[in-house]
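What follows is the content of target_26.tsv, which has TSV, C-alpha atoms:
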chain	number	residue	atom	x	y	z
A	1	ARG	CA	0.00	0.00	0.00
A	2	GLU	CA	1.27	3.47	-0.90
A	3	ALA	CA	2.15	5.90	1.84
A	4	LEU	CA	-0.16	8.88	2.30
A	5	PRO	CA	0.17	11.84	4.70
A	6	LEU	CA	-0.38	10.70	8.29
A	7	SER	CA	-3.66	11.58	9.96
A	8	GLN	CA	-3.39	11.72	13.75
A	9	PRO	CA	-5.76	14.60	14.63
A	10	GLN	CA	-5.46	13.87	18.34
A	11	ASP	CA	-1.67	14.24	18.25
A	12	PHE	CA	-0.61	16.95	15.77
A	13	GLU	CA	-1.71	19.12	12.86
A	14	VAL	CA	-0.16	20.79	9.83
A	15	PHE	CA	-0.36	24.58	10.05
A	16	GLN	CA	0.83	27.69	8.20
A	17	THR	CA	3.65	29.42	10.05
A	18	SER	CA	3.45	33.17	10.51
A	19	ASP	CA	7.14	33.93	9.94
A	20	GLY	CA	7.62	32.85	6.33
A	21	ARG	CA	8.83	29.31	7.00
A	22	GLY	CA	5.91	27.80	5.11
A	23	MET	CA	3.97	24.91	6.61
A	24	GLY	CA	4.88	23.29	9.90
A	25	ILE	CA	3.58	20.75	12.39
A	26	ARG	CA	2.38	21.58	15.90
A	27	ALA	CA	1.37	19.44	18.81
A	28	LEU	CA	-2.30	19.04	19.73
A	29	ARG	CA	-1.44	17.49	23.09
A	30	ASN	CA	1.50	17.30	25.47
A	31	PHE	CA	4.36	14.90	24.70
A	32	LYS	CA	6.75	13.69	27.36
A	33	VAL	CA	10.50	13.35	26.78
A	34	GLY	CA	11.09	10.13	24.87
A	35	GLU	CA	7.48	9.77	23.72
A	36	GLU	CA	6.90	8.76	20.11
A	37	ILE	CA	5.11	11.45	18.10
A	38	MET	CA	4.82	9.68	14.74
A	39	ARG	CA	6.31	7.02	12.50
A	40	GLU	CA	6.16	6.99	8.73
A	41	TYR	CA	7.08	4.93	5.67
A	42	ALA	CA	8.88	6.61	2.76
A	43	VAL	CA	6.67	7.46	-0.19
A	44	LEU	CA	9.73	7.58	-2.44
A	45	ARG	CA	12.91	5.57	-1.88
A	46	VAL	CA	15.78	6.24	-4.28
A	47	PRO	CA	19.47	5.19	-4.39
A	48	ASN	CA	21.76	8.00	-3.27
A	49	SER	CA	24.33	7.19	-5.92
A	50	GLN	CA	24.72	4.92	-8.93
A	51	ALA	CA	27.69	3.69	-10.91
A	52	ALA	CA	28.59	6.18	-13.62
A	53	SER	CA	31.59	7.27	-15.66
A	54	SER	CA	31.02	10.99	-15.02
A	55	ARG	CA	29.23	13.39	-12.70
A	56	GLU	CA	26.84	14.29	-15.50
A	57	GLU	CA	25.89	10.65	-16.05
A	58	ALA	CA	25.42	10.12	-12.29
A	59	ASP	CA	23.17	13.19	-12.04
A	60	GLU	CA	21.11	12.01	-15.00
A	61	LYS	CA	20.70	8.54	-13.48
A	62	HIS	CA	19.59	10.13	-10.22
A	63	ARG	CA	17.04	12.34	-11.97
A	64	LEU	CA	15.72	9.31	-13.83
A	65	ALA	CA	15.49	7.22	-10.63
A	66	VAL	CA	13.44	9.92	-8.87
A	67	HIS	CA	11.18	10.34	-11.91
A	68	GLN	CA	10.59	6.60	-12.29
A	69	ALA	CA	9.77	6.18	-8.59
A	70	PHE	CA	7.39	9.14	-8.80
A	71	GLU	CA	5.63	7.79	-11.89
A	72	LEU	CA	4.82	4.54	-10.08
A	73	LEU	CA	2.66	6.42	-7.58
A	74	SER	CA	-1.09	6.79	-7.82
A	75	PRO	CA	-2.50	10.20	-8.87
A	76	GLU	CA	-3.57	10.89	-5.26
A	77	THR	CA	-0.10	10.19	-3.89
A	78	LYS	CA	1.60	12.12	-6.70
A	79	GLN	CA	-0.45	15.17	-5.75
A	80	ALA	CA	0.49	14.73	-2.10
A	81	VAL	CA	4.16	14.80	-3.14
A	82	LEU	CA	3.65	17.86	-5.33
A	83	ASN	CA	1.91	19.65	-2.45
A	84	LEU	CA	5.22	19.68	-0.56
A	85	SER	CA	7.40	22.76	-0.76
A	86	SER	CA	10.83	22.99	-2.32
A	87	ASN	CA	13.50	25.65	-2.27
A	88	GLN	CA	12.09	27.00	-5.54
A	89	ASP	CA	11.01	30.16	-3.69
A	90	ASN	CA	14.72	30.98	-3.26
A	91	PRO	CA	16.37	29.43	-6.32
A	92	PRO	CA	20.07	29.81	-7.05
A	93	ASP	CA	20.62	32.64	-9.50
A	94	ASP	CA	22.97	30.79	-11.83
A	95	ASP	CA	21.92	27.15	-11.45
A	96	PHE	CA	20.69	26.02	-14.85
A	97	GLU	CA	20.11	22.48	-13.61
A	98	TYR	CA	17.80	23.79	-10.91
A	99	PHE	CA	15.55	25.60	-13.37
A	100	THR	CA	15.41	22.59	-15.69
A	101	ALA	CA	14.71	20.07	-12.93
A	102	SER	CA	11.27	18.52	-12.67
A	103	PRO	CA	9.02	19.56	-9.75
A	104	GLU	CA	9.26	16.12	-8.16
A	105	LEU	CA	13.07	16.23	-8.30
A	106	ARG	CA	13.20	19.66	-6.61
A	107	ILE	CA	10.79	18.47	-3.94
A	108	TYR	CA	12.75	15.25	-3.39
A	109	GLU	CA	16.08	17.09	-3.14
A	110	THR	CA	14.63	19.58	-0.65
A	111	ASN	CA	12.76	17.16	1.60
A	112	SER	CA	14.40	13.73	1.46
A	113	PHE	CA	16.49	12.15	4.21
A	114	VAL	CA	19.37	9.72	3.89
A	115	LEU	CA	18.08	6.48	5.42
A	116	ASP	CA	20.78	6.57	8.03
A	117	ASN	CA	20.84	6.59	11.81
A	118	GLY	CA	23.71	8.97	12.33
A	119	GLY	CA	26.29	6.21	12.12
A	120	TYR	CA	25.15	4.62	15.35
A	121	ASP	CA	23.72	1.12	15.03
A	122	LEU	CA	25.08	-1.77	17.06
A	123	SER	CA	23.29	-4.22	14.76
A	124	GLY	CA	25.49	-3.18	11.83
A	125	LYS	CA	22.46	-2.94	9.54
A	126	TYR	CA	22.13	0.14	7.39
A	127	ASP	CA	20.11	1.56	4.49
A	128	ARG	CA	22.29	4.63	4.02
A	129	ASP	CA	22.74	3.92	0.31
A	130	TYR	CA	19.17	5.14	-0.12
A	131	GLY	CA	17.26	8.34	0.46
A	132	GLY	CA	13.61	8.55	1.43
A	133	LEU	CA	10.85	11.14	1.11
A	134	PHE	CA	8.24	11.18	3.90
A	135	LEU	CA	5.01	13.07	3.24
A	136	THR	CA	4.30	14.14	6.82
A	137	ILE	CA	7.79	14.35	8.28
A	138	ALA	CA	8.69	16.64	5.36
A	139	ARG	CA	6.37	19.23	6.94
A	140	ILE	CA	8.42	19.40	10.14
A	141	ASN	CA	10.59	22.51	10.24
A	142	HIS	CA	14.21	22.80	11.36
A	143	SER	CA	15.93	23.96	14.52
A	144	CYS	CA	19.58	23.52	15.44
A	145	LYS	CA	18.36	22.83	18.98
A	146	PRO	CA	15.22	20.81	18.25
A	147	ASN	CA	12.53	19.49	20.56
A	148	ALA	CA	12.17	16.26	18.55
A	149	GLN	CA	14.46	13.82	16.78
A	150	HIS	CA	14.04	11.80	13.61
A	151	PHE	CA	15.58	8.35	13.50
A	152	TRP	CA	15.53	5.75	10.73
A	153	ARG	CA	14.64	2.32	12.08
A	154	HIS	CA	16.01	-0.37	9.78
A	155	ASP	CA	13.98	-3.03	11.56
A	156	LEU	CA	10.70	-1.21	10.90
A	157	GLN	CA	11.69	0.40	7.59
A	158	GLN	CA	10.20	3.60	8.98
A	159	THR	CA	11.42	6.93	10.29
A	160	LEU	CA	10.27	7.65	13.85
A	161	ILE	CA	9.92	11.03	15.52
A	162	HIS	CA	10.41	11.19	19.29
A	163	ALA	CA	10.19	14.15	21.65
A	164	VAL	CA	13.60	14.99	23.11
A	165	GLU	CA	12.21	17.86	25.14
A	166	ALA	CA	8.85	18.22	26.85
A	167	ILE	CA	6.49	19.42	24.11
A	168	HIS	CA	3.32	21.23	25.15
A	169	LYS	CA	0.03	21.51	23.31
A	170	GLY	CA	0.38	24.25	20.69
A	171	ASP	CA	4.19	23.99	20.43
A	172	GLU	CA	5.69	23.60	16.98
A	173	ILE	CA	7.47	20.27	16.54
A	174	LEU	CA	11.02	20.82	15.27
A	175	ILE	CA	13.80	18.50	14.15
A	176	CYS	CA	17.38	19.13	13.05
A	177	TYR	CA	18.13	18.82	9.32
A	178	GLY	CA	21.85	18.87	9.98
A	179	PRO	CA	24.78	19.31	10.06
A	180	ALA	CA	26.53	17.72	13.05
A	181	ASP	CA	25.92	18.91	16.61
A	182	CYS	CA	29.44	20.29	17.04
A	183	GLN	CA	29.34	22.92	14.28
A	184	THR	CA	29.56	26.66	14.91
A	185	THR	CA	26.70	28.98	13.99
A	186	ALA	CA	28.48	30.12	10.82
A	187	ASP	CA	29.17	26.55	9.71
A	188	ARG	CA	25.58	25.42	10.38
A	189	GLN	CA	24.11	28.35	8.54
A	190	SER	CA	26.49	27.91	5.61
A	191	TYR	CA	25.44	24.26	5.31
A	192	LEU	CA	21.71	25.02	5.45
A	193	LEU	CA	21.97	27.89	2.99
A	194	LYS	CA	23.95	25.84	0.49
A	195	ARG	CA	21.95	22.64	0.94
A	196	LEU	CA	18.41	23.99	1.46
A	197	SER	CA	18.55	27.69	0.54
A	198	PHE	CA	17.44	29.13	3.88
A	199	THR	CA	19.07	30.95	6.77
A	200	CYS	CA	18.27	29.49	10.15
A	201	HIS	CA	16.94	31.87	12.81
A	202	CYS	CA	16.42	29.35	15.59
A	203	PRO	CA	17.30	30.46	19.16
A	204	MET	CA	20.68	28.71	18.99
A	205	CYS	CA	21.61	30.60	15.81
A	206	ILE	CA	20.29	33.94	17.09
A	207	GLU	CA	22.35	33.47	20.23
A	208	GLU	CA	25.52	32.78	18.18
A	209	ASN	CA	28.37	33.04	20.70
A	210	ALA	CA	26.70	35.36	23.19
A	211	PHE	CA	26.76	32.63	25.83
A	212	ARG	CA	29.81	30.76	24.47
A	213	ALA	CA	27.78	28.31	22.36
A	214	ASP	CA	30.20	28.52	19.43
A	215	ASP	CA	33.18	28.22	21.76
A	216	ARG	CA	31.68	25.04	23.17
A	217	MET	CA	31.11	23.60	19.70
A	218	ILE	CA	34.69	24.34	18.64
A	219	GLU	CA	36.05	22.76	21.82
A	220	LEU	CA	33.75	19.76	21.40
A	221	SER	CA	34.88	19.18	17.82
A	222	THR	CA	38.54	19.34	18.88
A	223	LEU	CA	37.97	16.94	21.78
A	224	LEU	CA	36.14	14.39	19.62
A	225	GLU	CA	38.96	14.39	17.10
A	226	SER	CA	41.48	13.91	19.91
A	227	ILE	CA	39.46	11.02	21.39
A	228	ARG	CA	39.27	9.23	18.05
A	229	ASP	CA	42.99	9.67	17.44
A	230	ARG	CA	43.94	8.47	20.91
A	231	LEU	CA	41.63	5.45	20.74
A	232	SER	CA	43.21	4.39	17.45
A	233	MET	CA	46.68	4.49	19.00
A	234	ILE	CA	46.00	3.31	22.54
A	235	GLY	CA	48.63	0.92	23.80
A	236	GLU	CA	51.38	2.28	21.54
A	237	SER	CA	52.65	4.50	24.37
A	238	GLY	CA	53.11	1.46	26.60
A	239	ASP	CA	50.93	2.80	29.43
A	240	LYS	CA	47.37	1.85	28.54
A	241	LYS	CA	46.01	2.67	31.98
A	242	LYS	CA	47.35	6.23	31.89
A	243	GLU	CA	46.15	6.81	28.33
A	244	ALA	CA	42.70	5.36	29.10
A	245	SER	CA	42.42	7.67	32.11
A	246	HIS	CA	43.24	10.68	29.94
A	247	ILE	CA	40.65	9.72	27.33
A	248	ARG	CA	38.03	9.38	30.05
A	249	ILE	CA	38.75	12.97	31.10
A	250	LEU	CA	38.14	14.08	27.51
A	251	VAL	CA	34.91	12.07	27.35
A	252	GLU	CA	33.66	13.63	30.57
A	253	ARG	CA	34.42	17.10	29.22
A	254	CYS	CA	32.42	16.32	26.04
A	255	GLU	CA	29.48	15.24	28.19
A	256	THR	CA	29.65	18.52	30.11
A	257	LEU	CA	29.75	20.62	26.94
A	258	LEU	CA	26.75	18.83	25.42
A	259	LYS	CA	24.76	19.26	28.63
A	260	GLN	CA	25.63	22.97	28.77
A	261	GLN	CA	24.42	23.32	25.19
A	262	GLY	CA	21.23	21.35	25.85
A	263	LEU	CA	22.13	18.67	23.30
A	264	ASP	CA	22.57	15.78	25.70
A	265	ARG	CA	19.13	14.16	25.56
A	266	ALA	CA	19.33	12.12	22.36
A	267	SER	CA	21.82	13.64	19.94
A	268	GLY	CA	24.03	11.44	17.77
A	269	THR	CA	27.09	13.14	19.24
A	270	MET	CA	26.04	12.26	22.78
A	271	LYS	CA	25.58	8.62	21.76
A	272	ALA	CA	29.07	8.61	20.25
A	273	VAL	CA	30.60	10.21	23.36
A	274	LEU	CA	29.00	7.65	25.68
A	275	ARG	CA	30.04	4.85	23.37
A	276	TYR	CA	33.64	6.13	23.58
A	277	GLY	CA	33.32	6.15	27.36
A	278	TYR	CA	32.14	2.54	27.38
A	279	GLN	CA	34.86	1.56	24.92
A	280	ILE	CA	37.68	3.07	26.93
A	281	SER	CA	36.32	1.64	30.19
A	282	SER	CA	36.61	-1.79	28.58
A	283	VAL	CA	40.35	-1.39	28.06
A	284	ASP	CA	42.37	-3.62	30.33
A	285	GLY	CA	44.69	-1.10	31.86
A	286	GLY	CA	45.59	-3.16	34.88
A	287	GLY	CA	42.84	-1.74	37.06
A	288	GLU	CA	40.47	-3.58	39.37
A	289	LEU	CA	37.85	-5.65	37.52
A	290	GLU	CA	35.16	-4.43	39.89
A	291	THR	CA	36.00	-0.81	39.11
A	292	MET	CA	36.07	-1.46	35.36
A	293	ASN	CA	32.63	-3.14	35.52
A	294	SER	CA	31.27	-0.21	37.53
A	295	VAL	CA	32.47	2.34	34.96
A	296	GLN	CA	31.17	0.25	32.05
A	297	GLN	CA	27.80	-0.01	33.76
A	298	MET	CA	27.67	3.75	34.30
A	299	TYR	CA	28.24	4.52	30.62
A	300	LEU	CA	25.80	1.85	29.44
A	301	GLU	CA	23.09	3.17	31.76
A	302	LYS	CA	23.57	6.66	30.36
A	303	LEU	CA	23.63	5.32	26.79
A	304	LEU	CA	20.48	3.29	27.38
A	305	GLN	CA	18.63	6.40	28.51
A	306	VAL	CA	19.78	8.46	25.52
A	307	VAL	CA	18.97	5.70	23.01
A	308	GLY	CA	15.56	5.16	24.59
A	309	VAL	CA	14.66	8.85	24.26
A	310	GLY	CA	15.63	9.21	20.60
A	311	GLU	CA	14.87	5.76	19.18
A	312	GLY	CA	12.27	4.12	21.39
A	313	LEU	CA	12.49	1.40	24.03
A	314	GLY	CA	12.09	-1.38	21.48
A	315	SER	CA	14.76	-0.30	19.01
A	316	PRO	CA	17.56	-2.77	18.13
A	317	ASN	CA	20.11	-0.41	19.64
A	318	TYR	CA	18.16	-0.13	22.89
A	319	LEU	CA	17.81	-3.89	23.19
A	320	GLU	CA	21.50	-4.44	22.44
A	321	VAL	CA	22.66	-1.88	25.02
A	322	GLU	CA	20.21	-3.36	27.52
A	323	HIS	CA	21.68	-6.82	26.84
A	324	LEU	CA	25.24	-5.58	27.42
A	325	LEU	CA	24.15	-3.88	30.62
A	326	ARG	CA	22.53	-7.05	31.95
A	327	GLU	CA	25.68	-9.04	31.22
A	328	ILE	CA	27.76	-6.60	33.27
A	329	GLN	CA	25.23	-6.58	36.09
A	330	ALA	CA	25.27	-10.40	36.11
A	331	ARG	CA	29.07	-10.40	36.36
A	332	ALA	CA	28.90	-8.01	39.28
A	333	VAL	CA	26.56	-10.36	41.17
A	334	THR	CA	28.80	-13.37	40.61

Step by step, read the file and then write its structure as structure tokens.
Amino acid sequence: REALPLSQPQDFEVFQTSDGRGMGIRALRNFKVGEEIMREYAVLRVPNSQAASSREEADEKHRLAVHQAFELLSPETKQAVLNLSSNQDNPPDDDFEYFTASPELRIYETNSFVLDNGGYDLSGKYDRDYGGLFLTIARINHSCKPNAQHFWRHDLQQTLIHAVEAIHKGDEILICYGPADCQTTADRQSYLLKRLSFTCHCPMCIEENAFRADDRMIELSTLLESIRDRLSMIGESGDKKKEASHIRILVERCETLLKQQGLDRASGTMKAVLRYGYQISSVDGGGELETMNSVQQMYLEKLLQVVGVGEGLGSPNYLEVEHLLREIQARAVT
């Protein structure tokens, strides 16, 4: 059965924003942190790239793939796709390809998501070679500090939206289109302008560096790079325990920065940071086994909470982290 726009009149509604951002979605009831707001199948699913001998051939294959997928839809569903907005209201001045693109291609390029989970999936199963267009989720507007999170569930073949902040009746539901959490205001706005032809005016962007937000993001990016480098070389210095202790200090600083920025509830970066913490606590640095188990348990408990908020309590990641946590708890008992 083809996907059509979701109808959940008790939960949310599509509305016209008053500040020029087009349509949006607002809550018709309160949502608690971690509560699922909606889940949706893709109406169009298209390969992100195809084998080609040139960029021109690859672009043509992509255009053809979108067109063919669109033509398979019923007239009702086609119209639902065409009712979505694209960046055609702010087209590039010198982009010939943009002006010659079909309406469905412009809409797909503006509204589609890579079917990815931010690189975090303990199951190792991905669909990131594909992009998907979702008729209802496409109506959700952007914020760099959102109150909801979108997450592709490979096991369900659906994208789920969960509240990552308490959402009250009448609040607009907002997700982050990208880029990564640890980008400065200028970098985020550059990405959104180039990719989607709009300038973000969310509170985080308006604030810029007034309360050191950009400084935190720069520090966070530097720390993450240092953690990855040190993890790849751990043991080469000959003192694994000392190196592991230093990495833990960096991990703890990353946690603090994300909490200060209000991005600690379910962000992909927070998942990565906690995963690093668990990974480094698993290193045999000659410490007490009881202490190592205690630290591992701490990071897994934090990770379980973050995964549960952004993905749902039944997600493969949640169940896998829960399994690891139970194993450690069982070892502690014995």

**Study point:** Separation of CA of Val114 (chain A) from CA of Lys302 (chain A) in Å
**Key:**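 Answer for the CA of Lys302 (chain A) to CA of Val114 (chain A) separation: 27.0 Å.
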
**Study point:** Distance of CA of Val251 (chain A) from CA of Ser226 (chain A), expressed in Å to one decimal place
**Key:**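 Going from CA of Ser226 (chain A) over to CA of Val251 (chain A) covers 10.1 Å.
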
Exercise for review: Please provide the set of residues having any atom within 9 Å of Leu303 (chain A), restricted to all atoms listed in the file, with same-chain residues fewer than 6 positions apart removed, written as a PyMOL selection string.
Suggested key: chain A and resi 270-271+274-275+278+318+321

Check your understanding: Hey, what's within 8 Å of region 211-213 of chain A if we count all atoms listed in the file and toss same-chain stuff fewer than 6 positions away? As a PyMOL selection string, please?
Key -> chain A and resi 184+204+261
